[in-house]
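Here is input_39.tsv, consisting of TSV, C-alpha atoms and all ligand atoms:
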```
chain	number	residue	atom	x	y	z
A	1	MET	CA	16.22	-1.56	-6.28
A	2	ASN	CA	13.79	-2.49	-3.51
A	3	LEU	CA	11.50	0.14	-2.03
A	4	ILE	CA	8.98	0.41	0.80
A	5	LEU	CA	6.07	2.84	0.47
A	6	LEU	CA	5.16	3.68	4.06
A	7	GLY	CA	2.12	5.73	5.02
A	8	PRO	CA	-1.34	5.69	6.56
A	9	PRO	CA	-4.42	4.35	4.75
A	10	GLY	CA	-5.22	6.66	1.84
A	11	ALA	CA	-1.74	8.18	1.64
A	12	GLY	CA	-1.43	7.17	-2.02
A	13	LYS	CA	0.79	4.06	-1.73
A	14	GLY	CA	-1.19	1.94	-4.17
A	15	THR	CA	-1.53	4.79	-6.68
A	16	GLN	CA	2.23	5.39	-6.73
A	17	ALA	CA	3.11	1.68	-6.71
A	18	LYS	CA	0.99	1.09	-9.83
A	19	ARG	CA	2.77	3.96	-11.54
A	20	LEU	CA	6.21	2.53	-10.71
A	21	VAL	CA	5.17	-0.84	-12.11
A	22	GLU	CA	4.39	0.89	-15.41
A	23	SER	CA	7.28	3.35	-15.54
A	24	ARG	CA	10.07	1.17	-14.14
A	25	GLY	CA	8.84	-2.40	-14.47
A	26	MET	CA	9.04	-2.88	-10.72
A	27	ILE	CA	7.03	-5.58	-8.93
A	28	GLN	CA	4.25	-4.39	-6.60
A	29	LEU	CA	3.82	-6.48	-3.47
A	30	SER	CA	0.68	-5.29	-1.71
A	31	THR	CA	-0.34	-7.40	1.28
A	32	GLY	CA	-3.77	-5.68	1.17
A	33	ASP	CA	-4.26	-6.91	-2.43
A	34	MET	CA	-3.00	-10.40	-1.50
A	35	LEU	CA	-5.44	-10.61	1.39
A	36	ARG	CA	-8.31	-9.35	-0.80
A	37	ASP	CA	-7.41	-11.99	-3.42
A	38	ALA	CA	-7.55	-14.63	-0.70
A	39	ARG	CA	-11.03	-13.43	0.21
A	40	ARG	CA	-12.26	-13.43	-3.39
A	41	SER	CA	-11.03	-16.95	-4.02
A	42	GLU	CA	-12.82	-18.04	-0.83
A	43	THR	CA	-9.79	-19.78	0.67
A	44	PRO	CA	-9.78	-20.67	4.40
A	45	LEU	CA	-7.27	-17.85	4.85
A	46	GLY	CA	-9.72	-15.41	3.25
A	47	ALA	CA	-12.50	-16.42	5.61
A	48	GLN	CA	-10.14	-16.16	8.58
A	49	VAL	CA	-9.09	-12.56	7.84
A	50	ALA	CA	-12.34	-11.12	6.44
A	51	ALA	CA	-13.80	-9.84	9.72
A	52	ILE	CA	-10.49	-8.33	10.85
A	53	MET	CA	-10.07	-6.48	7.55
A	54	ASP	CA	-13.61	-5.13	7.47
A	55	ALA	CA	-13.24	-3.81	11.01
A	56	GLY	CA	-9.92	-2.17	10.13
A	57	GLY	CA	-7.67	-4.24	12.41
A	58	LEU	CA	-4.31	-5.70	11.47
A	59	VAL	CA	-4.10	-9.31	10.34
A	60	THR	CA	-1.53	-11.34	12.35
A	61	ASP	CA	2.14	-10.95	11.50
A	62	GLU	CA	2.45	-14.66	10.83
A	63	ILE	CA	-0.16	-14.61	8.06
A	64	VAL	CA	1.22	-11.60	6.18
A	65	ILE	CA	4.84	-12.70	6.56
A	66	ASP	CA	3.95	-16.09	5.05
A	67	LEU	CA	2.19	-14.35	2.13
A	68	ILE	CA	5.18	-12.09	1.45
A	69	GLU	CA	7.66	-14.95	1.75
A	70	GLU	CA	5.73	-16.96	-0.81
A	71	LYS	CA	5.64	-14.08	-3.34
A	72	LEU	CA	9.27	-13.04	-2.81
A	73	THR	CA	10.56	-16.54	-3.23
A	74	ALA	CA	8.46	-17.08	-6.35
A	75	ALA	CA	9.58	-13.77	-7.91
A	76	GLY	CA	13.30	-14.45	-7.48
A	77	GLY	CA	15.10	-11.27	-8.69
A	78	GLY	CA	14.48	-7.83	-7.25
A	79	GLY	CA	12.78	-4.54	-8.04
A	80	PHE	CA	10.15	-4.90	-5.35
A	81	ILE	CA	7.78	-2.21	-4.13
A	82	PHE	CA	6.42	-3.12	-0.72
A	83	ASP	CA	3.01	-1.45	-0.47
A	84	GLY	CA	1.28	-1.76	2.90
A	85	PHE	CA	4.00	-4.04	4.25
A	86	PRO	CA	5.68	-4.04	6.74
A	87	ARG	CA	3.11	-2.63	9.17
A	88	THR	CA	4.74	-3.71	12.46
A	89	LEU	CA	8.31	-3.94	13.75
A	90	ALA	CA	8.04	-7.74	13.72
A	91	GLN	CA	7.15	-7.60	10.01
A	92	ALA	CA	10.07	-5.24	9.37
A	93	ASP	CA	12.50	-7.67	11.03
A	94	ALA	CA	11.04	-10.57	9.06
A	95	LEU	CA	11.44	-8.63	5.82
A	96	ASP	CA	15.06	-7.91	6.63
A	97	ALA	CA	15.74	-11.59	7.19
A	98	LEU	CA	13.86	-12.64	4.05
A	99	LEU	CA	15.66	-10.17	1.79
A	100	GLY	CA	18.97	-11.24	3.31
A	101	ARG	CA	18.24	-14.88	2.53
A	102	LEU	CA	17.51	-13.94	-1.11
A	103	GLY	CA	20.71	-11.88	-1.38
A	104	GLN	CA	18.64	-8.69	-1.74
A	105	THR	CA	18.85	-5.38	0.08
A	106	LEU	CA	16.33	-2.72	0.97
A	107	ASP	CA	17.34	0.48	-0.82
A	108	ALA	CA	14.82	3.12	0.26
A	109	VAL	CA	11.78	3.75	2.42
A	110	VAL	CA	9.52	6.57	1.27
A	111	GLU	CA	7.31	7.92	4.02
A	112	MET	CA	4.22	9.55	2.50
A	113	ARG	CA	2.94	12.24	4.87
A	114	VAL	CA	-0.71	13.20	4.59
A	115	ASP	CA	-2.95	15.05	7.08
A	116	ASP	CA	-5.68	13.02	8.79
A	117	GLU	CA	-8.51	15.17	7.36
A	118	ALA	CA	-7.22	14.61	3.84
A	119	LEU	CA	-7.00	10.86	4.49
A	120	VAL	CA	-10.66	10.79	5.42
A	121	ASP	CA	-11.56	12.55	2.14
A	122	ARG	CA	-9.34	10.26	0.10
A	123	ILE	CA	-10.74	7.08	1.61
A	124	ALA	CA	-14.34	8.30	1.36
A	125	GLY	CA	-13.90	9.09	-2.36
A	126	ARG	CA	-11.82	6.05	-3.32
A	127	PHE	CA	-12.93	3.42	-5.82
A	128	THR	CA	-11.05	0.81	-7.81
A	129	CYS	CA	-11.34	-1.11	-11.08
A	130	ARG	CA	-11.98	-4.73	-10.23
A	131	ASP	CA	-10.48	-5.90	-13.52
A	132	CYS	CA	-7.14	-4.07	-13.61
A	133	GLY	CA	-6.78	-2.54	-10.12
A	134	GLU	CA	-6.56	1.09	-11.32
A	135	MET	CA	-7.36	3.47	-8.47
A	136	TYR	CA	-9.81	6.38	-8.78
A	137	HIS	CA	-11.20	9.17	-6.65
A	138	ASP	CA	-14.54	10.99	-6.91
A	139	THR	CA	-12.92	14.42	-7.09
A	140	THR	CA	-9.13	14.13	-7.50
A	141	ARG	CA	-8.99	11.31	-10.03
A	142	PRO	CA	-12.34	10.57	-11.69
A	143	PRO	CA	-12.37	8.33	-14.79
A	144	LEU	CA	-12.60	10.25	-18.11
A	145	ILE	CA	-15.94	8.55	-18.84
A	146	PRO	CA	-17.97	8.20	-15.62
A	147	GLY	CA	-18.32	4.56	-14.56
A	148	LYS	CA	-15.71	3.29	-17.04
A	149	CYS	CA	-12.06	2.42	-16.30
A	150	ASP	CA	-9.63	4.60	-18.32
A	151	VAL	CA	-7.06	1.83	-18.45
A	152	CYS	CA	-8.99	-1.31	-19.41
A	153	GLY	CA	-12.50	-0.09	-20.28
A	154	SER	CA	-14.19	-2.21	-17.61
A	155	ASP	CA	-17.36	-0.86	-15.99
A	156	ASP	CA	-16.79	-2.95	-12.86
A	157	LEU	CA	-15.66	-0.16	-10.54
A	158	TYR	CA	-16.11	-0.87	-6.81
A	159	ARG	CA	-15.70	0.62	-3.35
A	160	ARG	CA	-13.95	-1.37	-0.63
A	161	PRO	CA	-16.16	-2.54	2.26
A	162	ASP	CA	-13.55	-1.27	4.75
A	163	ASP	CA	-13.57	2.26	3.29
A	164	ASN	CA	-16.13	3.54	5.79
A	165	ALA	CA	-15.79	5.99	8.68
A	166	ASP	CA	-15.76	3.40	11.51
A	167	SER	CA	-13.18	1.14	9.93
A	168	LEU	CA	-11.05	4.11	8.92
A	169	ARG	CA	-10.90	5.33	12.52
A	170	THR	CA	-9.59	1.93	13.60
A	171	ARG	CA	-7.14	1.79	10.69
A	172	LEU	CA	-5.71	5.20	11.57
A	173	LEU	CA	-5.30	4.18	15.23
A	174	GLU	CA	-3.60	0.94	14.17
A	175	TYR	CA	-1.30	2.97	11.94
A	176	TYR	CA	-0.21	5.36	14.68
A	177	LYS	CA	0.13	2.62	17.31
A	178	LYS	CA	1.76	-0.20	15.38
A	179	THR	CA	3.08	1.10	12.05
A	180	SER	CA	4.40	4.59	12.75
A	181	PRO	CA	7.28	3.21	14.92
A	182	LEU	CA	8.72	2.01	11.60
A	183	ILE	CA	9.47	5.64	10.74
A	184	GLY	CA	12.07	5.79	13.50
A	185	TYR	CA	13.28	2.29	12.73
A	186	TYR	CA	14.08	3.08	9.09
A	187	HIS	CA	15.38	6.53	9.92
A	188	ALA	CA	17.92	4.87	12.25
A	189	LYS	CA	18.92	2.58	9.39
A	190	GLY	CA	19.52	5.63	7.17
A	191	LEU	CA	16.88	4.54	4.68
A	192	LEU	CA	14.03	6.97	5.33
A	193	SER	CA	12.95	9.65	2.84
A	194	PRO	CA	9.92	11.62	4.02
A	195	LEU	CA	7.77	13.07	1.21
A	196	ASP	CA	4.88	15.52	1.21
A	197	GLY	CA	1.99	13.28	0.21
A	198	MET	CA	-0.42	16.25	0.19
A	199	GLU	CA	0.90	17.28	-3.24
A	200	ASP	CA	-0.89	16.12	-6.36
A	201	ILE	CA	-0.26	12.63	-7.76
A	202	ALA	CA	2.26	13.77	-10.41
A	203	THR	CA	4.30	15.84	-7.93
A	204	VAL	CA	4.48	12.97	-5.43
A	205	ALA	CA	5.54	10.71	-8.30
A	206	ARG	CA	8.44	13.03	-9.16
A	207	GLY	CA	9.50	13.00	-5.49
A	208	ILE	CA	9.61	9.21	-5.45
A	209	ASP	CA	11.54	9.15	-8.73
A	210	ALA	CA	14.12	11.47	-7.18
A	211	VAL	CA	14.52	9.18	-4.16
A	212	LEU	CA	14.95	6.12	-6.38
A	213	ASP	CA	17.44	7.88	-8.64
A	214	SER	CA	19.56	9.03	-5.71
A	215	ALA	CA	19.44	5.59	-4.07
A	216	ALA	CA	20.67	4.10	-7.37
A	217	SER	CA	23.64	6.43	-7.73
B	301	LIG	P1	-4.85	0.82	2.77
B	301	LIG	O1	-4.84	0.95	1.28
B	301	LIG	O2	-6.03	1.48	3.38
B	301	LIG	O3	-3.55	1.24	3.40
B	301	LIG	P2	-4.46	-2.05	2.54
B	301	LIG	O4	-5.12	-2.39	1.27
B	301	LIG	O5	-2.98	-1.96	2.53
B	301	LIG	O6	-5.09	-0.70	3.12
B	301	LIG	O7	-4.88	-3.06	3.68
B	301	LIG	C1	-6.24	-3.37	3.92
B	301	LIG	C2	-6.36	-4.22	5.18
B	301	LIG	O8	-5.64	-5.46	5.02
B	301	LIG	C3	-5.75	-3.59	6.44
B	301	LIG	O9	-6.66	-2.72	7.09
B	301	LIG	C4	-5.44	-4.84	7.27
B	301	LIG	O10	-6.62	-5.38	7.85
B	301	LIG	C5	-4.97	-5.83	6.22
B	301	LIG	N1	-3.50	-5.74	5.97
B	301	LIG	C6	-2.88	-5.37	4.81
B	301	LIG	N2	-1.55	-5.41	4.93
B	301	LIG	C7	-1.30	-5.83	6.21
B	301	LIG	C8	-0.10	-6.06	6.96
B	301	LIG	N3	1.12	-5.87	6.42
B	301	LIG	N4	-0.24	-6.48	8.25
B	301	LIG	C9	-1.45	-6.68	8.81
B	301	LIG	N5	-2.60	-6.47	8.17
B	301	LIG	C10	-2.55	-6.06	6.87
B	302	LIG	P1	-3.23	3.83	-0.14
B	302	LIG	O1	-2.82	2.71	-1.06
B	302	LIG	O2	-2.07	4.47	0.56
B	302	LIG	O3	-4.31	3.45	0.80
B	302	LIG	P2	-4.44	4.97	-2.56
B	302	LIG	O4	-3.33	4.97	-3.55
B	302	LIG	O5	-5.49	3.94	-2.69
B	302	LIG	O6	-3.83	5.00	-1.06
B	302	LIG	O7	-5.12	6.44	-2.60
B	302	LIG	C1	-6.28	6.73	-1.82
B	302	LIG	C2	-7.23	7.61	-2.64
B	302	LIG	O8	-6.65	8.90	-2.81
B	302	LIG	C3	-7.52	7.09	-4.05
B	302	LIG	O9	-8.86	7.37	-4.36
B	302	LIG	C4	-6.56	7.88	-4.95
B	302	LIG	O10	-7.11	8.08	-6.25
B	302	LIG	C5	-6.43	9.21	-4.20
B	302	LIG	N1	-5.08	9.80	-4.27
B	302	LIG	C6	-3.88	9.14	-4.29
B	302	LIG	N2	-2.85	10.01	-4.30
B	302	LIG	C7	-3.39	11.26	-4.29
B	302	LIG	C8	-2.83	12.58	-4.29
B	302	LIG	N3	-1.50	12.79	-4.30
B	302	LIG	N4	-3.69	13.64	-4.27
B	302	LIG	C9	-5.04	13.41	-4.23
B	302	LIG	N5	-5.62	12.21	-4.25
B	302	LIG	C10	-4.82	11.12	-4.27
B	303	ZN	ZN	-9.50	-1.26	-15.30
```
In structure tokens, how does this file's structure come out?
Ligand code: ADP
Ligand code: ADP
Ligand code: ZN
Amino acid sequence: MNLILLGPPGAGKGTQAKRLVESRGMIQLSTGDMLRDARRSETPLGAQVAAIMDAGGLVTDEIVIDLIEEKLTAAGGGGFIFDGFPRTLAQADALDALLGRLGQTLDAVVEMRVDDEALVDRIAGRFTCRDCGEMYHDTTRPPLIPGKCDVCGSDDLYRRPDDNADSLRTRLLEYYKKTSPLIGYYHAKGLLSPLDGMEDIATVARGIDAVLDSAAS
């Protein structure tokens, strides 16, 4: 079962992907996380993409397709959750070709629909555990003990440099211009399941479970 989580920045893709890793043993492939890893390890690639990411632009198709190809080939099997990829039609075509080469298929695309005003609130309140990647929010998902990660106990909780108002504006524009055409693309392929991403985290999770269960049967 291979799934794409499609939605604007702050829609809840990472939150739901992490949950599916735990509940179903799926493999999360987040190009955002891969690019942030590249930055942390101070590779040439990291330096090349840093300014684009901080400004909220899209990194070139070539770079993200190479990253995904590397991870897919290394992982072998299936059970992939694509989180934040593909973000352009060229990336979607490349994914199709890659999966085909590995003898895999794409089983479902969940479109997470969230109002723009809510996205702004979610991004403004978002923070993450640097040690385990658990995602938090100031009001909707605060840690049980302030400043401490519920999952791993770390106190290294951080806010992303691109989670600011200017960058978010650019990211939303990029989403509507370059990524939202994928909604029609996957609808035409009969793979699209739109979901109300305004619901709380547990309700959205049940919606995704229902999509996966019906795609499996
Ligand atoms: P969000 O959680 O806000 O949706 P991500 O963590 O997925 O953001 O991505 C952060 C940034 O990394 C993006 O704004 C973009 O600069 C870059 N990025 C991530 N995935 C892609 C992709 N598939 N294509 C191009 N750029 C990407
Ligand atoms: P994305 O990966 O799509 O950018 P995230 O999963 O990082 O989105 O979620 C963005 C922020 O919104 C996080 O702070 C997260 O805790 C919070 N969040 C995620 N899903 C929901 C939801 N259904 N309701 C309210 N807040 C949510
Ligand atoms: Zn943690």
First collect every listed atom of range 139-153 of chain A; then fit an axis-aligned box around them, widen it by 4 Å on each side, and give centre and edge lengths in Å to one decimal, as AutoDock Vina command-line options.
```
--center_x -12.7 --center_y 6.6 --center_z -13.7 --size_x 19.3 --size_y 23.7 --size_z 21.2
```
Excluding range 147-155 of chain A and its own-chain neighbours fewer than 6 positions away, which residues fall within 10 Å of it when counting all atoms listed in the file? Please give them as a ChimeraX atom specification.
/A:128-136
Would you mind listing, for every residue of chain A within 8 Å of ligand LIG 301 (chain B), the two atoms forming the shortest contact and the distance between them in Å to one decimal, using only C-alpha atoms and all ligand atoms, sorted by chain and ascending residue number, as a tab-separated table?
```
residue	atom	partner	partner_atom	distance
A:Gly7	CA	B:LIG301	O3	7.4
A:Pro8	CA	B:LIG301	O3	5.9
A:Pro9	CA	B:LIG301	O3	3.5
A:Gly10	CA	B:LIG301	O2	5.5
A:Ala11	CA	B:LIG301	O3	7.4
A:Gly12	CA	B:LIG301	O1	7.8
A:Lys13	CA	B:LIG301	O1	7.1
A:Gly14	CA	B:LIG301	O1	6.6
A:Ser30	CA	B:LIG301	O5	6.5
A:Thr31	CA	B:LIG301	N2	4.3
A:Gly32	CA	B:LIG301	O4	3.6
A:Asp33	CA	B:LIG301	O4	5.9
A:Leu35	CA	B:LIG301	O8	6.3
A:Arg36	CA	B:LIG301	O8	7.5
A:Val49	CA	B:LIG301	O10	7.6
A:Ile52	CA	B:LIG301	O10	5.7
A:Met53	CA	B:LIG301	O10	3.6
A:Asp54	CA	B:LIG301	O10	7.0
A:Ala55	CA	B:LIG301	O10	7.5
A:Gly56	CA	B:LIG301	O9	4.5
A:Gly57	CA	B:LIG301	O10	4.8
A:Leu58	CA	B:LIG301	N5	3.8
A:Val59	CA	B:LIG301	N5	3.9
A:Thr60	CA	B:LIG301	C9	5.9
A:Asp61	CA	B:LIG301	N4	6.0
A:Val64	CA	B:LIG301	N4	5.7
A:Ile65	CA	B:LIG301	N3	7.8
A:Asp83	CA	B:LIG301	O5	6.7
A:Gly84	CA	B:LIG301	O5	4.3
A:Phe85	CA	B:LIG301	N3	4.0
A:Pro86	CA	B:LIG301	N3	4.9
A:Arg87	CA	B:LIG301	N3	4.7
A:Thr88	CA	B:LIG301	N4	7.1
A:Gln91	CA	B:LIG301	N3	7.2
A:Ile123	CA	B:LIG301	O2	7.5
A:Asp162	CA	B:LIG301	O9	7.4
A:Asp163	CA	B:LIG301	O2	7.6
A:Leu168	CA	B:LIG301	O2	7.9
A:Arg171	CA	B:LIG301	O9	5.8
```
Please produce a file of the residues just selected, as a compact mmCIF listing (two decimals), in the coordinates of the input, where the atoms kept are C-alpha atoms.
```txt
# COMPACT_ATOMS: atom_id res chain seq x y z
CA GLY A 7 2.12 5.73 5.02
CA PRO A 8 -1.34 5.69 6.56
CA PRO A 9 -4.42 4.35 4.75
CA GLY A 10 -5.22 6.66 1.84
CA ALA A 11 -1.74 8.18 1.64
CA GLY A 12 -1.43 7.17 -2.02
CA LYS A 13 0.79 4.06 -1.73
CA GLY A 14 -1.19 1.94 -4.17
CA SER A 30 0.68 -5.29 -1.71
CA THR A 31 -0.34 -7.40 1.28
CA GLY A 32 -3.77 -5.68 1.17
CA ASP A 33 -4.26 -6.91 -2.43
CA LEU A 35 -5.44 -10.61 1.39
CA ARG A 36 -8.31 -9.35 -0.80
CA VAL A 49 -9.09 -12.56 7.84
CA ILE A 52 -10.49 -8.33 10.85
CA MET A 53 -10.07 -6.48 7.55
CA ASP A 54 -13.61 -5.13 7.47
CA ALA A 55 -13.24 -3.81 11.01
CA GLY A 56 -9.92 -2.17 10.13
CA GLY A 57 -7.67 -4.24 12.41
CA LEU A 58 -4.31 -5.70 11.47
CA VAL A 59 -4.10 -9.31 10.34
CA THR A 60 -1.53 -11.34 12.35
CA ASP A 61 2.14 -10.95 11.50
CA VAL A 64 1.22 -11.60 6.18
CA ILE A 65 4.84 -12.70 6.56
CA ASP A 83 3.01 -1.45 -0.47
CA GLY A 84 1.28 -1.76 2.90
CA PHE A 85 4.00 -4.04 4.25
CA PRO A 86 5.68 -4.04 6.74
CA ARG A 87 3.11 -2.63 9.17
CA THR A 88 4.74 -3.71 12.46
CA GLN A 91 7.15 -7.60 10.01
CA ILE A 123 -10.74 7.08 1.61
CA ASP A 162 -13.55 -1.27 4.75
CA ASP A 163 -13.57 2.26 3.29
CA LEU A 168 -11.05 4.11 8.92
CA ARG A 171 -7.14 1.79 10.69
```
Here is a test: counting all atoms listed in the file, which residue of A:Pro143, A:Arg169, A:Arg160, A:His187 is nearest to ligand ZN 303 (chain B)?
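Among the listed residues, A:Pro143 lies closest to ligand ZN 303 (chain B).
Neighbours of Thr105 in chain A closer than or equal to 12 Å, with all atoms listed in the file counted and sequence neighbours fewer than 3 positions away skipped, come out as A:Met1, A:Asn2, A:Leu3, A:Ile4, A:Gly77, A:Gly78, A:Gly79, A:Phe80, A:Leu95, A:Asp96, A:Ala97, A:Leu98, A:Leu99, A:Gly100, A:Arg101, A:Leu102, A:Ala108, A:Val109, A:Leu191, A:Ala215.
Nearest to ligand LIG 302 (chain B) of all the residues A:Pro44, A:Ala92, A:Ala38, A:Thr15 is A:Thr15, based on only C-alpha atoms and all ligand atoms.
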Selected residue of minimal separation from ligand LIG 302 (chain B) among A:Lys71, A:Lys178, A:His137, A:Arg39, counting all atoms listed in the file
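Smallest separation from ligand LIG 302 (chain B) among the options: A:His137.
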Rounded to one decimal, what separation in Å do you get between CA of Asn164 in chain A and CA of Gln48 in chain A?
20.8 Å
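Nearest to ligand ZN 303 (chain B) of all the residues A:Leu192, A:Ala124, A:Met26, A:Leu157 is A:Leu157, counting only C-alpha atoms and all ligand atoms.
Computed from the coordinates, the CA of Thr170 in chain A to atom O9 of ligand LIG 302 (chain B) distance equals 18.8 Å.
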Taking all atoms listed in the file into account, which of A:Pro146, A:Gly125, A:Pro161, A:Pro181 comes nearest ligand LIG 302 (chain B)?
A:Gly125
One residue among A:Tyr158, A:Gln28, A:Val21, A:Met112 is nearest to Ile208 in chain A when using all atoms listed in the file, and that residue is A:Met112
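Pairwise distance (CA of Ile63 in chain A, CA of Met34 in chain A) equals 10.8 Å.
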